[in-house]
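K.L.:
Handing over coords.cif, mmCIF, C-alpha atoms.
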```
data_model
loop_
_atom_site.label_atom_id
_atom_site.label_comp_id
_atom_site.auth_asym_id
_atom_site.auth_seq_id
_atom_site.Cartn_x
_atom_site.Cartn_y
_atom_site.Cartn_z
CA VAL I 892 9.60 -5.60 -24.40
CA GLU I 893 12.34 -8.18 -24.94
CA ARG I 894 12.01 -10.93 -22.34
CA ASN I 895 15.38 -12.64 -22.59
CA PHE I 896 17.89 -10.21 -21.25
CA TYR I 897 20.37 -9.82 -18.43
CA LEU I 898 21.49 -6.31 -17.49
CA PRO I 899 23.86 -6.60 -14.53
CA TYR I 900 24.55 -2.88 -14.30
CA LEU I 901 21.01 -1.57 -14.78
CA TYR I 902 20.39 0.89 -11.95
CA LEU I 903 17.33 2.84 -13.06
CA LEU I 904 14.60 2.02 -15.58
CA ASP I 905 12.15 4.79 -16.45
CA LEU I 906 9.67 3.96 -19.22
CA GLY I 907 6.69 5.79 -17.77
CA TYR I 908 4.06 7.59 -19.85
CA ASN I 909 4.39 5.59 -23.03
CA ASN I 910 2.19 3.07 -24.84
CA LEU I 911 4.09 -0.06 -23.85
CA ASN I 912 2.04 -3.24 -23.55
CA GLY I 913 2.48 -6.92 -22.79
CA SER I 914 3.75 -8.29 -19.51
CA ILE I 915 6.66 -6.88 -17.53
CA PRO I 916 9.58 -9.30 -18.07
CA GLU I 917 10.16 -11.47 -15.01
CA GLN I 918 13.92 -11.22 -15.49
CA LEU I 919 13.78 -7.47 -14.88
CA TRP I 920 13.33 -7.93 -11.15
CA SER I 921 16.48 -10.06 -10.95
CA CYS I 922 18.84 -7.47 -12.42
CA PRO I 923 21.31 -7.39 -9.52
CA SER I 924 21.96 -3.64 -9.42
CA LEU I 925 18.39 -2.48 -10.00
CA ARG I 926 17.14 0.22 -7.60
CA PHE I 927 14.48 2.29 -9.37
CA VAL I 928 11.67 1.05 -11.66
CA TYR I 929 9.22 3.57 -13.13
CA LEU I 930 6.68 2.01 -15.50
CA SER I 931 3.63 4.18 -14.73
CA ASN I 932 0.95 5.04 -17.27
CA ASN I 933 1.42 2.36 -19.88
CA THR I 934 -0.78 -0.62 -20.76
CA PHE I 935 1.31 -3.37 -19.21
CA SER I 936 -0.67 -6.50 -18.38
CA GLY I 937 0.17 -9.94 -17.04
CA GLU I 938 1.32 -10.57 -13.48
CA LEU I 939 4.29 -9.84 -11.26
CA PRO I 940 6.57 -12.84 -10.68
CA SER I 941 5.10 -15.25 -8.17
CA ASP I 942 6.87 -16.29 -4.99
CA GLU I 943 7.36 -19.70 -6.60
CA TYR I 944 9.31 -18.07 -9.44
CA PHE I 945 12.09 -17.18 -7.03
CA LYS I 946 11.99 -20.43 -5.02
CA GLY I 947 14.56 -23.05 -5.88
CA SER I 948 15.98 -20.82 -8.59
CA THR I 949 19.17 -18.91 -9.17
CA ASN I 950 16.93 -15.88 -9.70
CA THR I 951 16.38 -13.58 -6.75
CA PRO I 952 14.85 -10.10 -6.64
CA SER I 953 17.39 -7.31 -6.63
CA PRO I 954 18.14 -6.58 -2.96
CA TYR I 955 18.64 -2.90 -3.79
CA LEU I 956 15.15 -2.13 -5.07
CA GLU I 957 13.96 1.17 -3.57
CA ASP I 958 11.21 2.57 -5.79
CA ILE I 959 8.67 0.59 -7.83
CA TRP I 960 6.03 2.59 -9.70
CA ILE I 961 3.70 0.51 -11.86
CA ASP I 962 0.52 2.54 -11.41
CA ASN I 963 -2.04 3.10 -14.17
CA ASN I 964 -1.50 -0.14 -16.03
CA SER I 965 -3.48 -3.39 -16.28
CA VAL I 966 -1.28 -5.66 -14.19
CA SER I 967 -3.29 -8.46 -12.57
CA GLY I 968 -2.80 -11.40 -10.23
CA SER I 969 -2.00 -11.18 -6.53
CA ILE I 970 0.51 -8.97 -4.77
CA PRO I 971 3.41 -11.36 -4.07
CA PHE I 972 5.05 -11.88 -0.68
CA TRP I 973 8.58 -11.23 -1.97
CA LEU I 974 7.82 -7.51 -2.34
CA PHE I 975 7.43 -7.23 1.42
CA LEU I 976 10.78 -8.95 1.95
CA LEU I 977 12.74 -6.27 0.09
CA THR I 978 14.81 -4.68 2.82
CA ASN I 979 15.50 -1.44 0.94
CA LEU I 980 12.07 -0.84 -0.60
CA LYS I 981 10.82 2.68 0.14
CA THR I 982 7.98 3.17 -2.34
CA PHE I 983 5.59 0.74 -4.00
CA ILE I 984 2.91 2.44 -6.06
CA ALA I 985 0.51 0.13 -7.90
CA GLU I 986 -2.75 2.05 -7.95
CA ARG I 987 -5.22 1.66 -10.81
CA ASN I 988 -4.33 -1.82 -11.96
CA SER I 989 -6.25 -5.11 -11.87
CA PHE I 990 -4.65 -6.78 -8.87
CA GLY I 991 -6.95 -9.18 -7.03
CA GLY I 992 -6.92 -11.83 -4.38
CA ALA I 993 -5.86 -11.29 -0.79
CA LEU I 994 -2.63 -9.72 0.36
CA PRO I 995 0.03 -12.25 1.41
CA GLU I 996 0.35 -13.33 5.05
CA ILE I 997 2.62 -10.46 5.99
CA ASP I 998 1.50 -10.60 9.62
CA SER I 999 4.06 -13.40 9.90
CA LEU I 1000 6.71 -10.69 9.56
CA GLY I 1001 5.38 -8.83 12.60
CA ALA I 1002 5.57 -5.57 10.65
CA VAL I 1003 6.39 -4.41 7.15
CA SER I 1004 9.97 -3.41 6.42
CA ALA I 1005 11.21 -0.38 8.35
CA THR I 1006 12.31 1.21 5.07
CA LEU I 1007 8.85 1.17 3.44
CA GLN I 1008 7.45 4.70 3.40
CA VAL I 1009 4.74 4.69 0.73
CA LEU I 1010 2.34 1.86 -0.14
CA ASP I 1011 -0.37 2.67 -2.69
CA LEU I 1012 -2.64 -0.19 -3.76
CA SER I 1013 -5.76 1.89 -4.36
CA PHE I 1014 -8.23 1.27 -7.21
CA ASN I 1015 -7.65 -2.46 -7.57
CA ASN I 1016 -9.76 -5.52 -6.71
CA ILE I 1017 -7.84 -6.74 -3.67
CA THR I 1018 -9.89 -8.79 -1.20
CA GLY I 1019 -9.41 -10.32 2.24
CA SER I 1020 -8.72 -8.70 5.58
CA LEU I 1021 -6.28 -5.89 6.29
CA PRO I 1022 -3.03 -7.24 7.77
CA ALA I 1023 -2.13 -5.73 11.14
CA ALA I 1024 1.49 -5.55 9.94
CA LEU I 1025 0.56 -2.65 7.67
CA PHE I 1026 -0.14 -0.50 10.72
CA GLN I 1027 3.02 -1.56 12.53
CA GLY I 1028 5.63 -0.52 9.99
CA ILE I 1029 7.81 1.97 11.82
CA GLY I 1030 8.74 3.80 8.61
CA LEU I 1031 5.40 3.77 6.79
CA SER I 1032 3.98 7.27 6.26
CA TYR I 1033 1.51 6.96 3.40
CA LEU I 1034 -0.93 4.06 3.17
CA TYR I 1035 -3.51 4.10 0.37
CA LEU I 1036 -5.78 1.03 0.22
CA ASP I 1037 -9.02 2.71 -0.89
CA ASN I 1038 -11.31 1.51 -3.68
CA ASN I 1039 -10.66 -2.19 -3.29
CA LYS I 1040 -12.70 -5.07 -1.88
CA PHE I 1041 -11.05 -5.47 1.50
CA ASN I 1042 -13.45 -7.06 3.96
CA GLY I 1043 -13.64 -8.18 7.56
CA ASN I 1044 -12.83 -6.09 10.60
CA LEU I 1045 -10.19 -3.46 11.07
CA PRO I 1046 -7.13 -5.07 12.71
CA ASN I 1047 -6.76 -4.69 16.46
CA TYR I 1048 -3.03 -4.07 16.29
CA GLU I 1049 -0.52 -3.23 19.02
CA PRO I 1050 0.09 0.56 18.86
CA LEU I 1051 3.61 1.79 18.20
CA GLU I 1052 5.40 4.30 20.37
CA THR I 1053 6.25 6.48 17.37
CA SER I 1054 4.14 5.85 14.27
CA LEU I 1055 5.00 7.97 11.22
CA LEU I 1056 1.65 7.48 9.46
CA ILE I 1057 0.49 10.70 7.80
CA ASP I 1058 -2.18 9.55 5.33
CA VAL I 1059 -4.39 6.47 5.81
CA TRP I 1060 -7.03 5.97 3.11
CA LEU I 1061 -9.29 2.97 3.65
CA HIS I 1062 -12.50 4.26 2.07
CA SER I 1063 -14.64 2.46 -0.52
CA ASN I 1064 -14.02 -1.09 0.63
CA GLN I 1065 -16.22 -3.70 2.34
CA LEU I 1066 -14.94 -3.37 5.90
CA VAL I 1067 -17.40 -4.24 8.67
CA GLY I 1068 -17.71 -4.35 12.43
CA ASP I 1069 -16.84 -2.03 15.27
CA ILE I 1070 -13.79 0.18 15.00
CA PRO I 1071 -11.18 -1.03 17.54
CA GLN I 1072 -11.07 1.22 20.60
CA ASN I 1073 -7.54 2.55 20.10
CA PHE I 1074 -7.35 2.35 16.31
CA GLY I 1075 -5.08 5.23 15.26
CA ALA I 1076 -4.12 6.26 18.78
CA ASP I 1077 -0.42 6.18 17.87
CA TRP I 1078 -0.75 8.24 14.66
CA ILE I 1079 0.60 11.50 16.08
CA ASN I 1080 1.57 12.74 12.59
CA LEU I 1081 -1.82 12.00 11.01
CA LYS I 1082 -3.11 14.48 8.43
CA GLU I 1083 -5.64 12.51 6.36
CA PHE I 1084 -7.78 9.55 7.42
CA SER I 1085 -10.69 8.31 5.29
CA LEU I 1086 -13.03 5.48 6.26
CA GLN I 1087 -16.24 6.27 4.42
CA SER I 1088 -18.13 3.92 2.11
CA ASN I 1089 -17.63 0.86 4.30
CA GLN I 1090 -19.99 -0.78 6.79
CA LEU I 1091 -18.14 0.09 9.97
CA SER I 1092 -19.76 1.03 13.27
CA GLY I 1093 -18.74 2.15 16.72
CA SER I 1094 -16.67 5.19 17.61
CA LEU I 1095 -13.48 6.74 16.36
CA ILE I 1096 -11.12 7.89 19.09
CA SER I 1097 -11.33 11.57 19.99
CA GLY I 1098 -8.21 12.47 18.09
CA CYS I 1099 -8.83 16.20 17.95
CA SER I 1100 -10.76 16.98 21.13
CA THR I 1101 -8.40 15.62 23.76
CA THR I 1102 -5.76 17.63 25.58
CA PRO I 1103 -3.14 17.27 24.28
CA GLN I 1104 -4.59 16.41 20.90
CA LEU I 1105 -3.78 12.98 19.52
CA TRP I 1106 -3.95 14.27 15.94
CA PRO I 1107 -2.80 17.91 16.05
CA LEU I 1108 -1.99 18.01 12.31
CA LEU I 1109 -5.32 16.56 11.13
CA THR I 1110 -6.80 18.22 8.02
CA LEU I 1111 -9.15 15.49 6.70
CA LEU I 1112 -11.21 12.89 8.51
CA GLU I 1113 -14.08 11.26 6.63
CA ALA I 1114 -16.40 8.51 7.83
CA ASP I 1115 -19.95 7.15 7.49
CA CYS I 1116 -21.24 9.26 10.36
CA THR I 1117 -24.64 10.43 9.13
CA SER I 1118 -28.01 8.87 9.91
CA THR I 1119 -28.24 7.72 6.27
CA ALA I 1120 -25.09 5.58 6.51
CA VAL I 1121 -25.48 1.87 5.80
CA GLY I 1122 -25.88 0.14 9.16
CA SER I 1123 -25.13 2.03 12.35
CA PRO I 1124 -23.42 5.38 11.77
CA VAL I 1125 -19.90 5.87 13.09
CA THR I 1126 -19.58 8.20 16.05
CA CYS I 1127 -16.97 10.81 15.20
CA ASP I 1128 -16.44 14.09 17.06
CA CYS I 1129 -13.83 15.56 14.75
CA CYS I 1130 -14.83 14.41 11.24
CA THR I 1131 -14.32 17.02 8.54
CA GLN I 1132 -17.00 15.33 6.41
CA CYS I 1133 -19.69 12.79 7.15
CA PHE I 1134 -21.25 10.51 4.54
#
```
Please render this file's structure as structure tokens.
P.N.:
Amino acid sequence: VERNFYLPYLYLLDLGYNNLNGSIPEQLWSCPSLRFVYLSNNTFSGELPSDEYFKGSTNTPSPYLEDIWIDNNSVSGSIPFWLFLLTNLKTFIAERNSFGGALPEIDSLGAVSATLQVLDLSFNNITGSLPAALFQGIGLSYLYLDNNKFNGNLPNYEPLETSLLIDVWLHSNQLVGDIPQNFGADWINLKEFSLQSNQLSGSLISGCSTTPQLWPLLTLLEADCTSTAVGSPVTCDCCTQCF
């Protein structure tokens, strides 16, 4: 891909499902009209532009970016902070890459952008603790963080009045400790919640046995709730599958 270019009127770039390789040009993200980037299922490598790339520079990320799909590539490095500052971003799908390191300190934002609806970082090598801000985004519906190396405790976040979370996949990480008492209590739209293959303990809230039910739409709830689980098994009265 040619690196030295400036496309002021580029609105949509769809190069998915090809055999493109090399790094994604840094200049792409500064195209001022860019809204939609679909680069899935190639062999792109390299890293996304760092936060330093945009500091003290005439380059800035396009403020109109809405959809970024870079899944099923070999992109590495850390997830940069500037992605979470995009005020129009709705979808960021980066599963099955080689991202590593910890997520940026997005708790300083209080919550992720209200426009963000889908965040998929599954099947990477991301480490560190889970930011509470991820569970306080008022627009976030689909959160896929499974099959990484997240560690530490689940965040004890302040519940929202109206959370839109539908799917929360946290399985196959290195999370430890007791599950916070009200974790998920505000997820009234929850359909799928997976926690298995961690080292969590304690009890999940009774999301399906209360009256009225906290999770009336629940179809999948998976946790390490058998006697063979590593450490103390999770107590779960409405799990659809125990591991």
K.L.:
Wanna dump the stretch 996-1032 of chain I-stretch 1060-1063 of chain I contacts at 12 Å for me, each residue with its shortest atom pair and the distance in Å to one decimal, counting only C-alpha atoms, ordered by chain and number, as a Markdown table?
P.N.:
```
| residue | atom | partner | partner_atom | distance |
| --- | --- | --- | --- | --- |
| I:Leu1010 | CA | I:Trp1060 | CA | 10.7 |
| I:Asp1011 | CA | I:Trp1060 | CA | 9.4 |
| I:Leu1012 | CA | I:Trp1060 | CA | 10.2 |
| I:Ser1013 | CA | I:Trp1060 | CA | 8.6 |
| I:Phe1014 | CA | I:Ser1063 | CA | 9.3 |
| I:Asn1015 | CA | I:Ser1063 | CA | 11.1 |
| I:Asn1016 | CA | I:Ser1063 | CA | 11.2 |
| I:Ile1017 | CA | I:Ser1063 | CA | 11.9 |
| I:Ser1020 | CA | I:Leu1061 | CA | 11.8 |
| I:Leu1021 | CA | I:Leu1061 | CA | 9.7 |
| I:Ser1032 | CA | I:Trp1060 | CA | 11.5 |
```
K.L.:
For the residues selected in the previous step, produce a file with C-alpha atoms as a CSV table (one decimal), keeping the file's coordinate frame.
P.N.:
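Ended up saving to selection-v8.csv:
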```
chain,number,residue,atom,x,y,z
I,1010,LEU,CA,2.3,1.9,-0.1
I,1011,ASP,CA,-0.4,2.7,-2.7
I,1012,LEU,CA,-2.6,-0.2,-3.8
I,1013,SER,CA,-5.8,1.9,-4.4
I,1014,PHE,CA,-8.2,1.3,-7.2
I,1015,ASN,CA,-7.6,-2.5,-7.6
I,1016,ASN,CA,-9.8,-5.5,-6.7
I,1017,ILE,CA,-7.8,-6.7,-3.7
I,1020,SER,CA,-8.7,-8.7,5.6
I,1021,LEU,CA,-6.3,-5.9,6.3
I,1032,SER,CA,4.0,7.3,6.3
```
K.L.:
Can you spell out as a list of chain:residue names the set of residues that the PyMOL selection byres ((chain I and resi 987) around 9) selects in the structure I just provided?
P.N.:
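Selected by the PyMOL selection byres ((chain I and resi 987) around 9) here: I:Asp962, I:Asn963, I:Asn964, I:Ser965, I:Val966, I:Ala985, I:Glu986, I:Asn988, I:Ser989, I:Phe990, I:Leu1012, I:Ser1013, I:Phe1014, I:Asn1015.
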K.L.:
Select, from I:Ser1094, I:Thr1110, I:Asn933, I:Thr1101, the residue with the minimum atom-to-atom distance to I:Thr1126, counting all atoms listed in the file.
P.N.:
I:Ser1094
K.L.:
Which polymer residues, whether protein, DNA or RNA, lie within 12 Å of the coordinate (8.8, -7.3, -1.2) when you count all atoms listed in the file? List them as an NGL selection string, using the chain letters and numbers from the file.
P.N.:
:I and (920 or 939-942 or 945 or 951-959 or 970-983 or 994-995 or 997 or 1000 or 1003-1004 or 1006-1007 or 1010)
K.L.:
For the residues in that selection, give me C-alpha atoms as a short mmCIF file (atom, residue, chain, number, x, y, z; two decimals), in the coordinates of the input.
P.N.:
```
data_model
loop_
_atom_site.label_atom_id
_atom_site.label_comp_id
_atom_site.auth_asym_id
_atom_site.auth_seq_id
_atom_site.Cartn_x
_atom_site.Cartn_y
_atom_site.Cartn_z
CA TRP I 920 13.33 -7.93 -11.15
CA LEU I 939 4.29 -9.84 -11.26
CA PRO I 940 6.57 -12.84 -10.68
CA SER I 941 5.10 -15.25 -8.17
CA ASP I 942 6.87 -16.29 -4.99
CA PHE I 945 12.09 -17.18 -7.03
CA THR I 951 16.38 -13.58 -6.75
CA PRO I 952 14.85 -10.10 -6.64
CA SER I 953 17.39 -7.31 -6.63
CA PRO I 954 18.14 -6.58 -2.96
CA TYR I 955 18.64 -2.90 -3.79
CA LEU I 956 15.15 -2.13 -5.07
CA GLU I 957 13.96 1.17 -3.57
CA ASP I 958 11.21 2.57 -5.79
CA ILE I 959 8.67 0.59 -7.83
CA ILE I 970 0.51 -8.97 -4.77
CA PRO I 971 3.41 -11.36 -4.07
CA PHE I 972 5.05 -11.88 -0.68
CA TRP I 973 8.58 -11.23 -1.97
CA LEU I 974 7.82 -7.51 -2.34
CA PHE I 975 7.43 -7.23 1.42
CA LEU I 976 10.78 -8.95 1.95
CA LEU I 977 12.74 -6.27 0.09
CA THR I 978 14.81 -4.68 2.82
CA ASN I 979 15.50 -1.44 0.94
CA LEU I 980 12.07 -0.84 -0.60
CA LYS I 981 10.82 2.68 0.14
CA THR I 982 7.98 3.17 -2.34
CA PHE I 983 5.59 0.74 -4.00
CA LEU I 994 -2.63 -9.72 0.36
CA PRO I 995 0.03 -12.25 1.41
CA ILE I 997 2.62 -10.46 5.99
CA LEU I 1000 6.71 -10.69 9.56
CA VAL I 1003 6.39 -4.41 7.15
CA SER I 1004 9.97 -3.41 6.42
CA THR I 1006 12.31 1.21 5.07
CA LEU I 1007 8.85 1.17 3.44
CA LEU I 1010 2.34 1.86 -0.14
#
```
K.L.:
I'd like to know which of I:Pro923, I:Gly913, I:Pro1071, I:Gly1030 is closest to I:Leu901, using all atoms listed in the file.
P.N.:
I:Pro923
K.L.:
Given the file above and the PyMOL selection byres ((chain I and resi 1024) around 6), which residues are selected, and can you give them as an NGL selection string?
P.N.:
:I and (998 or 1001-1003 or 1022-1023 or 1025-1027)
K.L.:
Expanded to explicit residues, what is the PyMOL selection byres ((chain I and resi 1083-1093) around 6) for this file, as a short mmCIF file (atom, residue, chain, number, x, y, z; two decimals) with C-alpha atoms, keeping the file's coordinate frame?
P.N.:
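Final output, saved to expr-v1.cif:
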```cif
data_model
loop_
_atom_site.label_atom_id
_atom_site.label_comp_id
_atom_site.auth_asym_id
_atom_site.auth_seq_id
_atom_site.Cartn_x
_atom_site.Cartn_y
_atom_site.Cartn_z
CA ASP I 1058 -2.18 9.55 5.33
CA VAL I 1059 -4.39 6.47 5.81
CA TRP I 1060 -7.03 5.97 3.11
CA LEU I 1061 -9.29 2.97 3.65
CA HIS I 1062 -12.50 4.26 2.07
CA SER I 1063 -14.64 2.46 -0.52
CA ASN I 1064 -14.02 -1.09 0.63
CA GLN I 1065 -16.22 -3.70 2.34
CA LEU I 1066 -14.94 -3.37 5.90
CA VAL I 1067 -17.40 -4.24 8.67
CA GLY I 1068 -17.71 -4.35 12.43
CA ASP I 1069 -16.84 -2.03 15.27
CA ILE I 1070 -13.79 0.18 15.00
CA LYS I 1082 -3.11 14.48 8.43
CA SER I 1094 -16.67 5.19 17.61
CA LEU I 1111 -9.15 15.49 6.70
CA LEU I 1112 -11.21 12.89 8.51
CA GLU I 1113 -14.08 11.26 6.63
CA ALA I 1114 -16.40 8.51 7.83
CA ASP I 1115 -19.95 7.15 7.49
CA SER I 1123 -25.13 2.03 12.35
CA PRO I 1124 -23.42 5.38 11.77
CA VAL I 1125 -19.90 5.87 13.09
#
```
K.L.:
Please indicate the distance in Å from atom CA of I:Gly1028 to atom CA of I:Thr1053, rounded to one decimal place.
P.N.:
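Between these atoms lies a distance of 10.2 Å.
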K.L.:
As an exercise, work out the distance from atom CA of I:Leu925 to atom CA of I:Ser967 in Å and give it to one decimal place.
P.N.:
22.6 Å
K.L.:
Could you jot down the atom CA of I:Tyr929 to atom CA of I:Leu904 separation for me, Å, one decimal place?
P.N.:
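If I compute the distance from atom CA of I:Tyr929 to atom CA of I:Leu904, I get 6.1 Å.
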K.L.:
Measuring between only C-alpha atoms, which one of I:Gln1008, I:Ser931, I:Ser914, I:Thr1131 shows the shortest distance to I:Leu1056?
P.N.:
I:Gln1008
K.L.:
Set the distance at 7 Å and use all atoms listed in the file: which residues neighbour I:Pro1050 once local chain neighbours fewer than 2 positions away are removed? I'd like the list as a compact mmCIF listing (two decimals) with C-alpha atoms, keeping the file's coordinate frame.
P.N.:
```txt
# COMPACT_ATOMS: atom_id res chain seq x y z
CA TYR I 1048 -3.03 -4.07 16.29
CA GLU I 1052 5.40 4.30 20.37
CA ASP I 1077 -0.42 6.18 17.87
```
